[in-house]
file work00.csv (CSV, C-alpha atoms and all ligand atoms)
chain,number,residue,atom,x,y,z
A,1,MET,CA,148.2,120.9,181.1
A,2,SER,CA,145.0,122.2,179.7
A,3,VAL,CA,145.7,125.1,177.4
A,4,GLN,CA,143.2,127.3,175.7
A,5,ILE,CA,144.0,128.3,172.1
A,6,GLN,CA,142.2,131.3,170.6
A,7,ILE,CA,141.4,130.7,166.9
A,8,PRO,CA,141.5,133.7,164.5
A,9,THR,CA,138.2,134.4,162.8
A,10,PRO,CA,139.2,133.3,159.3
A,11,LEU,CA,140.3,129.9,160.6
A,12,ARG,CA,137.2,129.1,162.7
A,13,ARG,CA,135.7,127.4,159.6
A,14,PHE,CA,138.3,124.7,160.2
A,15,THR,CA,137.4,124.2,163.9
A,16,GLY,CA,133.7,123.8,163.6
A,17,GLU,CA,133.2,127.5,164.3
A,18,GLN,CA,134.9,127.2,167.7
A,19,ALA,CA,136.5,130.5,168.8
A,20,GLU,CA,138.6,128.6,171.4
A,21,VAL,CA,139.9,125.1,171.4
A,22,VAL,CA,141.3,123.4,174.6
A,23,VAL,CA,144.2,121.0,174.2
A,24,GLU,CA,146.5,119.1,176.5
A,25,ALA,CA,150.1,120.0,176.1
A,26,SER,CA,153.3,120.8,178.1
A,27,THR,CA,154.9,123.2,175.5
A,28,VAL,CA,153.7,125.7,173.0
A,29,GLY,CA,154.9,123.4,170.1
A,30,GLU,CA,152.9,120.5,171.6
A,31,ALA,CA,149.8,122.6,171.9
A,32,MET,CA,150.0,123.7,168.3
A,33,LYS,CA,150.5,120.1,167.1
A,34,ALA,CA,147.6,118.9,169.2
A,35,LEU,CA,145.4,121.6,167.7
A,36,VAL,CA,146.1,120.5,164.1
A,37,THR,CA,145.8,116.9,165.1
A,38,ASP,CA,142.3,117.6,166.4
A,39,HIS,CA,141.5,119.9,163.4
A,40,GLN,CA,143.5,118.6,160.5
A,41,GLN,CA,142.2,121.2,158.0
A,42,LEU,CA,144.0,123.8,160.0
A,43,GLU,CA,147.4,122.2,159.5
A,44,PRO,CA,148.4,123.7,156.1
A,45,HIS,CA,147.5,127.2,157.2
A,46,LEU,CA,149.7,127.0,160.4
A,47,PHE,CA,152.4,124.6,159.5
A,48,SER,CA,154.8,124.4,156.5
A,49,PRO,CA,155.1,121.1,154.6
A,50,GLU,CA,158.3,120.5,156.6
A,51,GLY,CA,156.2,120.5,159.8
A,52,THR,CA,157.4,123.7,161.4
A,53,LEU,CA,155.2,126.7,162.2
A,54,ARG,CA,154.9,129.0,159.1
A,55,THR,CA,157.1,132.1,159.2
A,56,PHE,CA,154.1,134.4,159.4
A,57,VAL,CA,152.3,132.6,162.2
A,58,ASN,CA,153.1,134.0,165.6
A,59,VAL,CA,152.0,132.5,168.8
A,60,PHE,CA,151.4,134.6,171.9
A,61,LEU,CA,151.3,133.0,175.3
A,62,ASN,CA,149.2,135.1,177.7
A,63,ASP,CA,149.9,138.1,175.5
A,64,GLU,CA,153.6,137.5,175.2
A,65,ASP,CA,155.2,136.7,171.8
A,66,VAL,CA,156.8,133.2,172.2
A,67,ARG,CA,159.6,134.5,169.9
A,68,TYR,CA,160.8,136.4,173.0
A,69,LEU,CA,160.4,133.3,175.2
A,70,GLU,CA,161.6,129.9,174.2
A,71,ARG,CA,159.6,129.8,171.0
A,72,GLU,CA,157.9,126.4,170.5
A,73,ALA,CA,159.8,124.9,173.4
A,74,THR,CA,158.2,127.4,175.8
A,75,ALA,CA,156.5,125.6,178.7
A,76,VAL,CA,152.8,126.0,179.2
A,77,GLU,CA,150.8,125.7,182.4
A,78,ASP,CA,147.2,124.8,183.2
A,79,GLY,CA,144.9,127.6,182.2
A,80,ASP,CA,147.4,129.4,179.9
A,81,THR,CA,146.0,131.0,176.8
A,82,LEU,CA,147.6,131.0,173.4
A,83,ALA,CA,146.7,133.4,170.6
A,84,ILE,CA,147.6,132.8,166.9
A,85,ILE,CA,148.5,136.0,165.2
A,86,PRO,CA,149.7,136.5,161.6
A,87,SER,CA,152.4,139.0,160.7
A,88,ILE,CA,152.2,140.9,157.4
A,89,ALA,CA,155.4,141.3,155.5
A,90,GLY,CA,156.4,143.0,152.3
A,91,GLY,CA,158.5,142.1,149.3
A,92,VAL,CA,156.8,142.5,145.9
A,93,GLY,CA,159.6,141.2,143.8
A,94,GLN,CA,159.7,137.8,145.4
B,1,MET,CA,144.5,133.4,138.3
B,2,ASP,CA,141.5,132.5,136.2
B,3,GLU,CA,140.2,135.9,135.0
B,4,THR,CA,137.3,134.4,133.0
B,5,THR,CA,135.4,133.1,136.1
B,6,PRO,CA,133.2,135.7,137.6
B,7,PRO,CA,134.4,136.4,141.2
B,8,SER,CA,132.1,134.7,143.7
B,9,HIS,CA,133.5,136.7,146.7
B,10,SER,CA,133.3,140.4,147.3
B,11,ILE,CA,134.5,143.1,149.5
B,12,SER,CA,132.5,146.3,150.1
B,13,LEU,CA,134.0,149.6,151.2
B,14,THR,CA,133.1,153.2,151.0
B,15,ARG,CA,134.5,155.5,148.4
B,16,GLU,CA,136.3,157.4,151.2
B,17,GLN,CA,137.9,154.2,152.5
B,18,LEU,CA,139.1,153.2,149.1
B,19,ASP,CA,140.5,156.8,148.6
B,20,ALA,CA,142.3,156.6,151.9
B,21,ILE,CA,143.9,153.3,150.9
B,22,ARG,CA,145.0,154.8,147.5
B,23,ASP,CA,146.3,157.9,149.2
B,24,HIS,CA,148.3,155.8,151.7
B,25,ALA,CA,149.8,153.9,148.7
B,26,THR,CA,150.8,157.0,146.8
B,27,ARG,CA,152.1,158.8,150.0
B,28,THR,CA,154.5,155.9,150.8
B,29,TYR,CA,155.6,155.3,147.2
B,30,PRO,CA,158.2,154.1,146.2
B,31,GLU,CA,157.9,152.1,149.4
B,32,GLU,CA,155.0,149.7,150.2
B,33,CYS,CA,152.2,150.6,152.4
B,34,CYS,CA,150.0,148.3,154.5
B,35,GLY,CA,146.9,148.4,156.6
B,36,ILE,CA,144.3,146.3,158.4
B,37,LEU,CA,140.7,146.0,157.3
B,38,ILE,CA,138.2,145.8,160.2
B,39,GLY,CA,134.6,144.8,159.5
B,40,GLN,CA,132.3,141.9,159.1
B,41,LEU,CA,132.1,138.9,156.9
B,42,ASP,CA,128.9,137.4,155.8
B,43,TRP,CA,130.1,133.9,155.6
B,44,ALA,CA,127.2,132.5,153.6
B,45,ALA,CA,127.5,135.2,150.9
B,46,SER,CA,131.3,135.5,151.2
B,47,ALA,CA,130.7,139.2,151.3
B,48,ALA,CA,133.1,141.2,153.4
B,49,VAL,CA,132.1,144.7,154.5
B,50,VAL,CA,134.8,147.1,155.7
B,51,HIS,CA,133.9,149.3,158.7
B,52,ARG,CA,137.2,150.9,159.3
B,53,LEU,CA,140.8,150.9,158.3
B,54,ILE,CA,144.0,150.9,160.4
B,55,ALA,CA,146.8,152.3,158.4
B,56,ALA,CA,150.1,150.8,159.6
B,57,SER,CA,152.9,153.1,160.1
B,58,ASN,CA,155.9,152.4,158.0
B,59,THR,CA,158.4,150.4,160.0
B,60,ARG,CA,160.9,150.0,157.2
B,61,GLU,CA,164.6,150.1,157.7
B,62,ASP,CA,166.9,150.6,154.8
B,63,SER,CA,169.1,147.7,155.8
B,64,ALA,CA,166.2,145.3,155.9
B,65,ARG,CA,164.3,145.7,152.7
B,66,HIS,CA,163.4,142.0,152.3
B,67,ASN,CA,161.0,139.9,154.4
B,68,ARG,CA,160.5,142.8,156.7
B,69,TYR,CA,157.4,143.1,158.7
B,70,LEU,CA,155.0,145.8,157.5
B,71,ILE,CA,152.8,145.2,160.4
B,72,GLU,CA,154.1,143.8,163.7
B,73,PRO,CA,152.2,140.9,165.2
B,74,GLU,CA,151.7,143.0,168.4
B,75,THR,CA,149.8,145.6,166.3
B,76,ILE,CA,147.6,142.9,164.8
B,77,LEU,CA,146.9,141.3,168.2
B,78,ALA,CA,145.8,144.7,169.6
B,79,ALA,CA,143.7,145.4,166.5
B,80,GLN,CA,142.1,141.9,166.8
B,81,ARG,CA,141.2,142.6,170.5
B,82,ASP,CA,139.7,146.0,169.6
B,83,ALA,CA,137.7,144.4,166.8
B,84,ASP,CA,136.4,141.7,169.1
B,85,ARG,CA,135.1,144.3,171.6
B,86,GLU,CA,133.3,146.0,168.7
B,87,GLY,CA,131.8,142.6,167.6
B,88,ARG,CA,133.8,142.8,164.5
B,89,ALA,CA,136.9,141.1,163.1
B,90,ILE,CA,140.0,141.6,161.0
B,91,ILE,CA,138.5,140.7,157.6
B,92,GLY,CA,141.6,141.4,155.6
B,93,TYR,CA,144.7,143.5,154.8
B,94,TYR,CA,145.7,146.0,152.1
B,95,HIS,CA,149.1,146.7,150.8
B,96,SER,CA,150.7,148.3,147.8
B,97,HIS,CA,152.8,147.0,145.0
B,98,PRO,CA,155.1,149.9,143.9
B,99,ASP,CA,155.8,149.5,140.1
B,100,HIS,CA,154.3,146.0,140.1
B,101,PRO,CA,150.9,144.7,139.1
B,102,SER,CA,148.1,144.4,141.7
B,103,GLU,CA,148.5,140.7,141.7
B,104,PRO,CA,149.6,138.7,144.7
B,105,SER,CA,153.2,137.5,144.7
B,106,ASP,CA,154.3,134.0,145.7
B,107,PHE,CA,155.5,135.7,148.8
B,108,ASP,CA,152.0,137.0,149.5
B,109,ARG,CA,150.6,133.5,149.1
B,110,GLU,CA,153.0,132.2,151.7
B,111,TYR,CA,151.8,134.8,154.1
B,112,ALA,CA,148.0,134.4,153.6
B,113,TRP,CA,145.1,132.7,155.2
B,114,PRO,CA,141.8,131.8,153.4
B,115,ASP,CA,138.7,133.8,154.0
B,116,LEU,CA,140.6,137.1,154.4
B,117,SER,CA,140.5,139.7,151.7
B,118,TYR,CA,143.9,140.9,150.4
B,119,LEU,CA,143.5,144.2,148.6
B,120,ILE,CA,146.5,145.2,146.6
B,121,VAL,CA,147.0,148.6,145.1
B,122,SER,CA,149.4,148.9,142.1
B,123,VAL,CA,151.3,152.3,142.1
B,124,ARG,CA,153.3,153.2,139.0
B,125,GLY,CA,155.4,156.4,139.0
B,126,GLY,CA,153.7,157.6,142.1
B,127,GLU,CA,150.1,157.3,140.6
B,128,VAL,CA,147.6,154.5,141.5
B,129,ALA,CA,147.3,152.3,138.4
B,130,ASP,CA,144.6,150.0,139.8
B,131,GLN,CA,143.5,147.9,142.8
B,132,ARG,CA,142.3,144.4,143.0
B,133,SER,CA,141.2,142.2,145.9
B,134,TRP,CA,142.0,138.6,146.4
B,135,ARG,CA,141.2,135.5,148.5
B,136,LEU,CA,143.4,132.5,149.1
B,137,ARG,CA,142.1,129.1,148.1
B,138,ASP,CA,141.7,126.5,150.8
B,139,ASP,CA,144.5,124.4,149.3
B,140,ARG,CA,146.8,127.4,149.3
B,141,SER,CA,147.5,126.8,145.6
B,142,ALA,CA,146.4,130.2,144.3
B,143,PHE,CA,144.4,133.4,144.9
B,144,ASP,CA,141.1,134.1,143.3
B,145,GLN,CA,140.1,137.6,142.5
B,146,GLU,CA,137.0,139.0,144.3
B,147,ALA,CA,134.8,141.9,143.3
B,148,ILE,CA,135.4,145.3,145.0
B,149,HIS,CA,132.1,147.2,145.6
B,150,THR,CA,132.4,150.8,146.6
B,151,SER,CA,129.5,152.8,148.0
B,152,PRO,CA,129.0,156.3,149.1
B,153,SER,CA,130.1,157.1,152.7
B,154,ARG,CA,128.4,154.9,155.3
B,155,SER,CA,129.3,157.1,158.2
B,156,GLN,CA,126.0,159.0,158.3
B,157,ARG,CA,124.0,155.9,158.3
B,158,GLU,CA,126.0,154.3,161.0
B,159,VAL,CA,124.7,156.4,163.9
B,160,VAL,CA,122.9,153.4,165.4
B,161,SER,CA,124.8,150.1,165.7
A,201,ZN,ZN,152.2,141.8,147.8
call {"tool": "encode", "arguments": {"input": "work00.csv", "output": "C-alpha cells", "more": "lines below"}}
Ligand SMILES: [Zn+2]
result
Amino acid sequence: MSVQIQIPTPLRRFTGEQAEVVVEASTVGEAMKALVTDHQQLEPHLFSPEGTLRTFVNVFLNDEDVRYLEREATAVEDGDTLAIIPSIAGGVGQ
Amino acid sequence: MDETTPPSHSISLTREQLDAIRDHATRTYPEECCGILIGQLDWAASAAVVHRLIAASNTREDSARHNRYLIEPETILAAQRDADREGRAIIGYYHSHPDHPSEPSDFDREYAWPDLSYLIVSVRGGEVADQRSWRLRDDRSAFDQEAIHTSPSRSQREVVS
C-alpha cells in the first residue's frame, strides 16, 4: 500500500525538505519504520532507543489518532495519509 | 548547558506577546501553563519570529499530576493545519516552571524536537522570575539557550501580508 506521511516542519530538514514522504506499508508501524529507514536522521526524533515510537509522538491516520484505533498495528490502505503530531506534557520536577 | 557560548539561535516576539505568556504563567501558578508559538523560521539564520500565540487551556486533573498532557495532540493537529493555511508553522511551544528555574528538565528533553523554540518561564511565589528559550541539539543530548528578542507591537505594521 502506498501511504503518504506528512512531515512536521521542524523535521523536514531530515527528509531533504520534503513535506510529504510516500512509503510502502501495510500497517502504521510499518509505515513509520519505512520512513526512518529511508530517512535515518529522523529515527532518534521519532523512535526511542528501544525501537518503539516515542511517548510524545502521535500518529494520526486520516485525522484519527491511532491510539484510538489499533495503534501501530492499525492497517493502512492505498492513499491513506499519516500525520505525525507531538503532544506536550508537563512535569517540572522530573 | 554551556552559558559561555553566545546563543547562535534566536526567537523574536513582541513585548505584548511576551507579556501575554508571562501573564498566562502567573495566572495558572502554582500550576503549569503551556501554549503554542505560531510564526516563521528563517532556517538560514535560525531566527524564529512569532506571529501569534495559542494559549492552551488547562486540562489538568488533580489525580493525574504527572506525565499529563498540557496540550492534546488534537489541538496541535488543528493548530498545525491553521498555520499551514496561513503559510506559517508551529515554531515552538512555551510553558512555565512553577518554583523551578527556566531550564528544561530531562522530561522536557524527552519530549522535544530540534529546530523548535522551547520558551520556559520561571514563576516563583506567583511572580515571574525570568524566561529563557531553548533549542534541542540534533543528537538530543542537551538544549542550547537561544536569544530572546522583544520588539514593540508588530500588529500595526502587519496590515499587509
Ligand atoms: Zn518544562
call {"tool": "residues_around", "arguments": {"input": "work00.csv", "residues": "B:Ile120", "least_positions_apart": "6", "cutoff": "6 Å", "atoms": "only C-alpha atoms", "output": "list in words"}}
result
Tyr94, His95, Ser96, Ser102, Gln131 and Arg132 of chain B
call {"tool": "residues_around", "arguments": {"input": "work00.csv", "residues": "stretch 62-73 of chain A", "least_positions_apart": "6", "cutoff": "7 Å", "atoms": "all atoms listed in the file", "output": "number ranges by chain"}}
result
A: 27-29, 80-82
call {"tool": "atom_distance", "arguments": {"input": "work00.csv", "atom1": "atom CA of B:Ser12", "atom2": "atom CA of A:Ala19"}}
result
24.8 Å
call {"tool": "interface_residues", "arguments": {"input": "work00.csv", "of": "chain B", "to": "chain A", "cutoff": "10 Å", "atoms": "all atoms listed in the file", "output": "ChimeraX atom specification"}}
result
/B:31-36,41,43,60,65-78,80,84,88-108,110-116,138-140
call {"tool": "residues_around", "arguments": {"input": "work00.csv", "residues": "A:Glu30", "least_positions_apart": "5", "cutoff": "10 Å", "atoms": "only C-alpha atoms", "output": "list in words"}}
result
Val23, Glu24, Ala25, Leu35, Glu72, Ala73, Thr74, Ala75 and Val76 of chain A
call {"tool": "residues_around", "arguments": {"input": "work00.csv", "residues": "B:Gly126", "least_positions_apart": "2", "cutoff": "9 Å", "atoms": "only C-alpha atoms", "output": "list of chain:residue names"}}
result
B:Ala25, B:Thr26, B:Arg27, B:Thr28, B:Tyr29, B:Pro30, B:Pro98, B:Asp99, B:Val123, B:Arg124, B:Val128
call {"tool": "atom_distance", "arguments": {"input": "work00.csv", "atom1": "atom CA of B:Leu119", "atom2": "atom CA of B:Val50"}}
result
11.6 Å
call {"tool": "atom_distance", "arguments": {"input": "work00.csv", "atom1": "atom CA of A:Thr15", "atom2": "atom CA of B:Gln145"}}
result
25.4 Å
call {"tool": "closest_residue", "arguments": {"input": "work00.csv", "among": "B:Val121, B:Ala20, B:Ala56, B:Leu13", "to": "ligand ZN 201 (chain A)", "atoms": "all atoms listed in the file"}}
result
B:Val121
call {"tool": "residues_around", "arguments": {"input": "work00.csv", "residues": "B:Glu146", "least_positions_apart": "6", "cutoff": "10 Å", "atoms": "all atoms listed in the file", "output": "ChimeraX atom specification"}}
result
/B:6-11,46-47,117-119,132-135
call {"tool": "closest_residue", "arguments": {"input": "work00.csv", "among": "B:Phe143, B:Asp19, B:Ile148, B:Val49", "to": "ligand ZN 201 (chain A)", "atoms": "all atoms listed in the file"}}
result
B:Phe143
call {"tool": "closest_residue", "arguments": {"input": "work00.csv", "among": "B:Arg22, B:Arg137, B:His149, B:Arg109", "to": "ligand ZN 201 (chain A)", "atoms": "all atoms listed in the file"}}
result
B:Arg109
